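Structure file my_file.csv (CSV, N, CA and C atoms) follows.
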```csv
chain,number,residue,atom,x,y,z
A,1164,MET,N,-27.4,-1.7,3.3
A,1164,MET,CA,-28.7,-2.1,3.1
A,1164,MET,C,-28.7,-3.6,2.9
A,1165,SER,N,-29.5,-4.4,3.6
A,1165,SER,CA,-29.5,-5.8,3.5
A,1165,SER,C,-30.2,-6.2,2.2
A,1166,LYS,N,-30.1,-7.5,1.9
A,1166,LYS,CA,-30.8,-8.0,0.7
A,1166,LYS,C,-32.3,-7.9,0.8
A,1167,HIS,N,-32.8,-8.1,2.0
A,1167,HIS,CA,-34.2,-8.1,2.3
A,1167,HIS,C,-34.7,-6.6,2.2
A,1168,GLU,N,-34.0,-5.7,2.7
A,1168,GLU,CA,-34.3,-4.3,2.5
A,1168,GLU,C,-34.4,-3.8,1.1
A,1169,LYS,N,-33.4,-4.3,0.3
A,1169,LYS,CA,-33.3,-4.0,-1.1
A,1169,LYS,C,-34.5,-4.5,-1.9
A,1170,LEU,N,-34.9,-5.8,-1.5
A,1170,LEU,CA,-36.0,-6.4,-2.2
A,1170,LEU,C,-37.3,-5.7,-1.8
A,1171,LEU,N,-37.5,-5.4,-0.5
A,1171,LEU,CA,-38.6,-4.6,-0.1
A,1171,LEU,C,-38.8,-3.3,-0.8
A,1172,THR,N,-37.7,-2.6,-0.9
A,1172,THR,CA,-37.6,-1.3,-1.6
A,1172,THR,C,-38.0,-1.5,-3.1
A,1173,GLN,N,-37.5,-2.5,-3.7
A,1173,GLN,CA,-37.7,-2.8,-5.1
A,1173,GLN,C,-39.2,-3.1,-5.3
A,1174,ILE,N,-39.8,-3.9,-4.4
A,1174,ILE,CA,-41.3,-4.2,-4.5
A,1174,ILE,C,-42.1,-2.9,-4.3
A,1175,LEU,N,-41.8,-2.2,-3.3
A,1175,LEU,CA,-42.6,-1.0,-3.0
A,1175,LEU,C,-42.5,0.1,-4.0
A,1176,HIS,N,-41.4,0.2,-4.7
A,1176,HIS,CA,-41.3,1.2,-5.8
A,1176,HIS,C,-42.0,0.7,-7.1
A,1177,GLY,N,-42.1,-0.6,-7.3
A,1177,GLY,CA,-42.9,-1.1,-8.4
A,1177,GLY,C,-42.4,-0.9,-9.7
A,1178,LYS,N,-41.1,-0.7,-9.9
A,1178,LYS,CA,-40.5,-0.5,-11.2
A,1178,LYS,C,-40.0,-1.7,-11.9
A,1179,SER,N,-39.9,-2.8,-11.2
A,1179,SER,CA,-39.4,-4.0,-11.8
A,1179,SER,C,-40.1,-5.3,-11.3
A,1180,ASP,N,-41.4,-5.2,-11.3
A,1180,ASP,CA,-42.3,-6.3,-10.8
A,1180,ASP,C,-42.0,-7.6,-11.5
A,1181,ALA,N,-41.6,-7.6,-12.8
A,1181,ALA,CA,-41.3,-8.8,-13.5
A,1181,ALA,C,-40.0,-9.4,-13.2
A,1182,ASN,N,-39.1,-8.8,-12.4
A,1182,ASN,CA,-37.8,-9.3,-12.1
A,1182,ASN,C,-37.6,-9.7,-10.7
A,1183,ILE,N,-38.7,-10.0,-10.0
A,1183,ILE,CA,-38.7,-10.5,-8.6
A,1183,ILE,C,-38.5,-12.0,-8.6
A,1184,GLN,N,-37.5,-12.5,-7.9
A,1184,GLN,CA,-37.3,-13.9,-7.8
A,1184,GLN,C,-38.3,-14.5,-6.9
A,1185,PHE,N,-38.9,-15.6,-7.3
A,1185,PHE,CA,-40.0,-16.3,-6.5
A,1185,PHE,C,-39.5,-16.6,-5.1
A,1186,ASP,N,-38.3,-17.3,-5.0
A,1186,ASP,CA,-37.8,-17.7,-3.7
A,1186,ASP,C,-37.5,-16.5,-2.8
A,1187,ASP,N,-37.0,-15.4,-3.4
A,1187,ASP,CA,-36.7,-14.2,-2.6
A,1187,ASP,C,-38.0,-13.6,-2.0
A,1188,LEU,N,-39.1,-13.6,-2.8
A,1188,LEU,CA,-40.4,-13.1,-2.4
A,1188,LEU,C,-41.0,-13.9,-1.2
A,1189,CYS,N,-40.9,-15.3,-1.4
A,1189,CYS,CA,-41.3,-16.2,-0.3
A,1189,CYS,C,-40.6,-15.9,1.0
A,1190,HIS,N,-39.3,-15.8,0.9
A,1190,HIS,CA,-38.4,-15.6,2.0
A,1190,HIS,C,-38.8,-14.2,2.7
A,1191,LEU,N,-39.0,-13.2,1.9
A,1191,LEU,CA,-39.4,-11.9,2.5
A,1191,LEU,C,-40.7,-12.0,3.2
A,1192,LEU,N,-41.7,-12.7,2.7
A,1192,LEU,CA,-43.0,-12.8,3.4
A,1192,LEU,C,-42.8,-13.6,4.7
A,1193,ARG,N,-42.0,-14.6,4.7
A,1193,ARG,CA,-41.7,-15.4,5.9
A,1193,ARG,C,-41.1,-14.4,7.0
A,1194,ARG,N,-40.1,-13.6,6.5
A,1194,ARG,CA,-39.4,-12.7,7.4
A,1194,ARG,C,-40.4,-11.6,7.9
A,1195,LEU,N,-41.5,-11.3,7.2
A,1195,LEU,CA,-42.5,-10.3,7.6
A,1195,LEU,C,-43.5,-11.0,8.6
A,1196,GLY,N,-43.3,-12.3,8.9
A,1196,GLY,CA,-44.1,-12.9,9.9
A,1196,GLY,C,-45.3,-13.8,9.3
A,1197,PHE,N,-45.3,-14.0,8.0
A,1197,PHE,CA,-46.3,-14.8,7.4
A,1197,PHE,C,-46.0,-16.3,7.5
A,1198,GLU,N,-47.0,-17.1,7.7
A,1198,GLU,CA,-46.8,-18.5,7.8
A,1198,GLU,C,-47.1,-19.1,6.4
A,1199,GLU,N,-46.3,-20.0,6.0
A,1199,GLU,CA,-46.4,-20.6,4.6
A,1199,GLU,C,-46.9,-22.0,4.6
A,1200,ARG,N,-47.8,-22.3,3.7
A,1200,ARG,CA,-48.3,-23.6,3.5
A,1200,ARG,C,-48.2,-23.9,2.0
A,1201,VAL,N,-47.7,-25.1,1.7
A,1201,VAL,CA,-47.5,-25.4,0.3
A,1201,VAL,C,-48.5,-26.5,-0.1
A,1202,ARG,N,-49.3,-26.2,-1.1
A,1202,ARG,CA,-50.2,-27.2,-1.7
A,1202,ARG,C,-49.9,-27.3,-3.2
A,1203,SER,N,-49.3,-28.4,-3.6
A,1203,SER,CA,-48.9,-28.6,-5.0
A,1203,SER,C,-48.0,-27.4,-5.4
A,1204,SER,N,-48.4,-26.6,-6.4
A,1204,SER,CA,-47.5,-25.5,-6.9
A,1204,SER,C,-47.9,-24.2,-6.2
A,1205,HIS,N,-48.9,-24.2,-5.3
A,1205,HIS,CA,-49.4,-23.0,-4.6
A,1205,HIS,C,-48.7,-22.8,-3.3
A,1206,HIS,N,-48.1,-21.7,-3.1
A,1206,HIS,CA,-47.5,-21.3,-1.8
A,1206,HIS,C,-48.5,-20.3,-1.2
A,1207,ILE,N,-49.1,-20.7,-0.1
A,1207,ILE,CA,-50.2,-19.8,0.5
A,1207,ILE,C,-49.6,-19.2,1.8
A,1208,PHE,N,-49.7,-17.9,1.9
A,1208,PHE,CA,-49.2,-17.2,3.1
A,1208,PHE,C,-50.3,-16.6,3.8
A,1209,ARG,N,-50.3,-16.7,5.2
A,1209,ARG,CA,-51.2,-16.0,6.0
A,1209,ARG,C,-50.6,-15.5,7.2
A,1210,LYS,N,-51.2,-14.4,7.8
A,1210,LYS,CA,-50.6,-13.8,9.0
A,1210,LYS,C,-51.8,-13.3,9.9
A,1211,ASP,N,-51.6,-13.4,11.2
A,1211,ASP,CA,-52.6,-12.9,12.1
A,1211,ASP,C,-52.7,-11.4,11.9
A,1212,GLY,N,-53.9,-10.8,11.8
A,1212,GLY,CA,-54.1,-9.4,11.6
A,1212,GLY,C,-54.1,-9.0,10.2
A,1213,VAL,N,-53.8,-9.9,9.3
A,1213,VAL,CA,-54.0,-9.6,7.8
A,1213,VAL,C,-55.1,-10.4,7.3
A,1214,GLU,N,-56.1,-9.8,6.8
A,1214,GLU,CA,-57.3,-10.4,6.4
A,1214,GLU,C,-57.1,-11.3,5.1
A,1215,GLU,N,-56.3,-10.8,4.2
A,1215,GLU,CA,-56.1,-11.5,2.9
A,1215,GLU,C,-55.1,-12.6,3.1
A,1216,ARG,N,-55.3,-13.6,2.2
A,1216,ARG,CA,-54.3,-14.7,2.1
A,1216,ARG,C,-53.5,-14.4,0.8
A,1217,ILE,N,-52.3,-14.7,0.8
A,1217,ILE,CA,-51.4,-14.5,-0.4
A,1217,ILE,C,-51.2,-15.8,-1.0
A,1218,ASN,N,-51.5,-16.0,-2.3
A,1218,ASN,CA,-51.4,-17.3,-3.0
A,1218,ASN,C,-50.4,-17.0,-4.1
A,1219,LEU,N,-49.2,-17.6,-4.0
A,1219,LEU,CA,-48.1,-17.4,-5.0
A,1219,LEU,C,-47.9,-18.7,-5.8
A,1220,GLN,N,-47.5,-18.5,-7.1
A,1220,GLN,CA,-47.1,-19.6,-7.9
A,1220,GLN,C,-45.9,-19.1,-8.7
A,1221,ARG,N,-45.0,-20.0,-9.0
A,1221,ARG,CA,-43.8,-19.7,-9.8
A,1221,ARG,C,-44.2,-19.4,-11.3
A,1222,ASP,N,-43.4,-18.6,-11.9
A,1222,ASP,CA,-43.4,-18.3,-13.3
A,1222,ASP,C,-42.0,-18.5,-13.7
A,1223,GLY,N,-41.5,-19.8,-13.8
A,1223,GLY,CA,-40.1,-20.1,-14.0
A,1223,GLY,C,-39.4,-19.9,-12.7
A,1224,SER,N,-38.4,-19.1,-12.6
A,1224,SER,CA,-37.7,-18.7,-11.3
A,1224,SER,C,-38.3,-17.4,-10.7
A,1225,LYS,N,-39.1,-16.8,-11.5
A,1225,LYS,CA,-39.7,-15.5,-11.0
A,1225,LYS,C,-41.0,-15.6,-10.4
A,1226,ALA,N,-41.4,-14.6,-9.7
A,1226,ALA,CA,-42.8,-14.5,-9.2
A,1226,ALA,C,-43.7,-13.9,-10.3
A,1227,LYS,N,-44.9,-14.2,-10.3
A,1227,LYS,CA,-45.8,-13.6,-11.3
A,1227,LYS,C,-46.1,-12.2,-11.0
A,1228,VAL,N,-46.1,-11.4,-12.0
A,1228,VAL,CA,-46.2,-9.9,-11.9
A,1228,VAL,C,-47.4,-9.5,-11.1
A,1229,TYR,N,-48.6,-10.0,-11.4
A,1229,TYR,CA,-49.8,-9.6,-10.7
A,1229,TYR,C,-49.7,-10.0,-9.2
A,1230,GLN,N,-49.0,-11.1,-8.9
A,1230,GLN,CA,-48.9,-11.5,-7.5
A,1230,GLN,C,-47.9,-10.6,-6.7
A,1231,VAL,N,-46.9,-10.1,-7.4
A,1231,VAL,CA,-46.0,-9.1,-6.8
A,1231,VAL,C,-46.8,-7.8,-6.5
A,1232,ARG,N,-47.7,-7.4,-7.4
A,1232,ARG,CA,-48.6,-6.3,-7.1
A,1232,ARG,C,-49.5,-6.5,-5.9
A,1233,GLN,N,-50.0,-7.7,-5.8
A,1233,GLN,CA,-50.9,-8.0,-4.7
A,1233,GLN,C,-50.1,-7.9,-3.3
A,1234,VAL,N,-48.9,-8.5,-3.4
A,1234,VAL,CA,-48.0,-8.4,-2.2
A,1234,VAL,C,-47.7,-7.0,-1.8
A,1235,ARG,N,-47.4,-6.1,-2.8
A,1235,ARG,CA,-47.1,-4.7,-2.5
A,1235,ARG,C,-48.4,-4.0,-1.9
A,1236,ALA,N,-49.6,-4.3,-2.4
A,1236,ALA,CA,-50.8,-3.7,-1.9
A,1236,ALA,C,-51.0,-4.1,-0.4
A,1237,ILE,N,-50.7,-5.4,-0.1
A,1237,ILE,CA,-50.9,-5.8,1.3
A,1237,ILE,C,-49.9,-5.2,2.2
A,1238,ILE,N,-48.6,-5.2,1.8
A,1238,ILE,CA,-47.6,-4.5,2.6
A,1238,ILE,C,-47.9,-3.1,2.9
A,1239,LEU,N,-48.4,-2.4,1.9
A,1239,LEU,CA,-48.7,-1.0,2.1
A,1239,LEU,C,-50.0,-0.8,3.0
A,1240,ARG,N,-51.0,-1.6,2.7
A,1240,ARG,CA,-52.3,-1.5,3.4
A,1240,ARG,C,-52.1,-1.8,4.9
A,1241,TYR,N,-51.2,-2.8,5.3
A,1241,TYR,CA,-51.0,-3.1,6.7
A,1241,TYR,C,-49.7,-2.6,7.3
A,1242,LYS,N,-49.1,-1.7,6.5
A,1242,LYS,CA,-47.8,-1.1,6.9
A,1242,LYS,C,-46.8,-2.1,7.5
A,1243,LEU,N,-46.5,-3.1,6.7
A,1243,LEU,CA,-45.6,-4.2,7.1
A,1243,LEU,C,-44.2,-4.0,6.7
A,1244,GLY,N,-43.9,-3.0,6.0
A,1244,GLY,CA,-42.5,-2.7,5.5
A,1244,GLY,C,-41.5,-2.5,6.6
A,1245,ASP,N,-42.0,-2.0,7.8
A,1245,ASP,CA,-41.1,-1.7,8.9
A,1245,ASP,C,-40.6,-2.9,9.6
A,1246,GLU,N,-41.2,-4.1,9.4
A,1246,GLU,CA,-40.9,-5.3,10.1
A,1246,GLU,C,-39.7,-6.0,9.4
A,1247,ALA,N,-39.3,-5.7,8.2
A,1247,ALA,CA,-38.3,-6.4,7.5
A,1247,ALA,C,-37.0,-6.1,8.0
```

As C-alpha cells:
Amino acid sequence: MSKHEKLLTQILHGKSDANIQFDDLCHLLRRLGFEERVRSSHHIFRKDGVEERINLQRDGSKAKVYQVRQVRAIILRYKLGDEA
C-alpha cells in the first residue's frame, strides 16, 4: 500500500483527523486532480466537477481537524477515493 493510499484510508476512516500532516493532505489533493492556488496562508483547491472549493490552513505542521473533515466529506460525496 502506497503512502497516498494509507493517507486516504486514514482520512476516510476518520479516526485520527488531528494527526494528518498539512503537506501530505495538500499532496493528496493535488494527486486527486485538484488545482492549488496559494494566497497568503490559505491554500485553495478546486477541481472541475466539484462544486465546493477547499480552503486549507496550517495548524503548525498539521492540517486543521475541521478541514480534514471537510476534505473527507468531499472525497466521499464525489467518490474521489478511487483516483488516488

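Atom pair atom N of Tyr1229 in chain A / CA of Met1164 in chain A: separated by 25.9 Å.
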
Can you list, as number ranges by chain, every protein, DNA or RNA residue that comes within 8 Å of Leu1191 in chain A when you count only N, CA and C atoms, leaving out same-chain residues fewer than 5 positions away? A: 1167, 1170-1171, 1185-1186, 1196-1197, 1247

Have a look at CA of Gln1220 in chain A and atom C of Ile1183 in chain A and let me know their distance in Å, one decimal.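 Atom C of Ile1183 in chain A lies at a distance of 11.5 Å from CA of Gln1220 in chain A.
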
For a test of reading the model, state the distance in Å between atom C of Lys1166 in chain A and atom C of Ser1203 in chain A, rounded to one decimal.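 Distance between the two atoms: 25.8 Å.
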
Taking the DSSP assignment computed from this structure's backbone, write out as number ranges by chain all residues of chain A that belong to alpha helix (DSSP H). A: 1166-1176, 1185-1194, 1228-1240
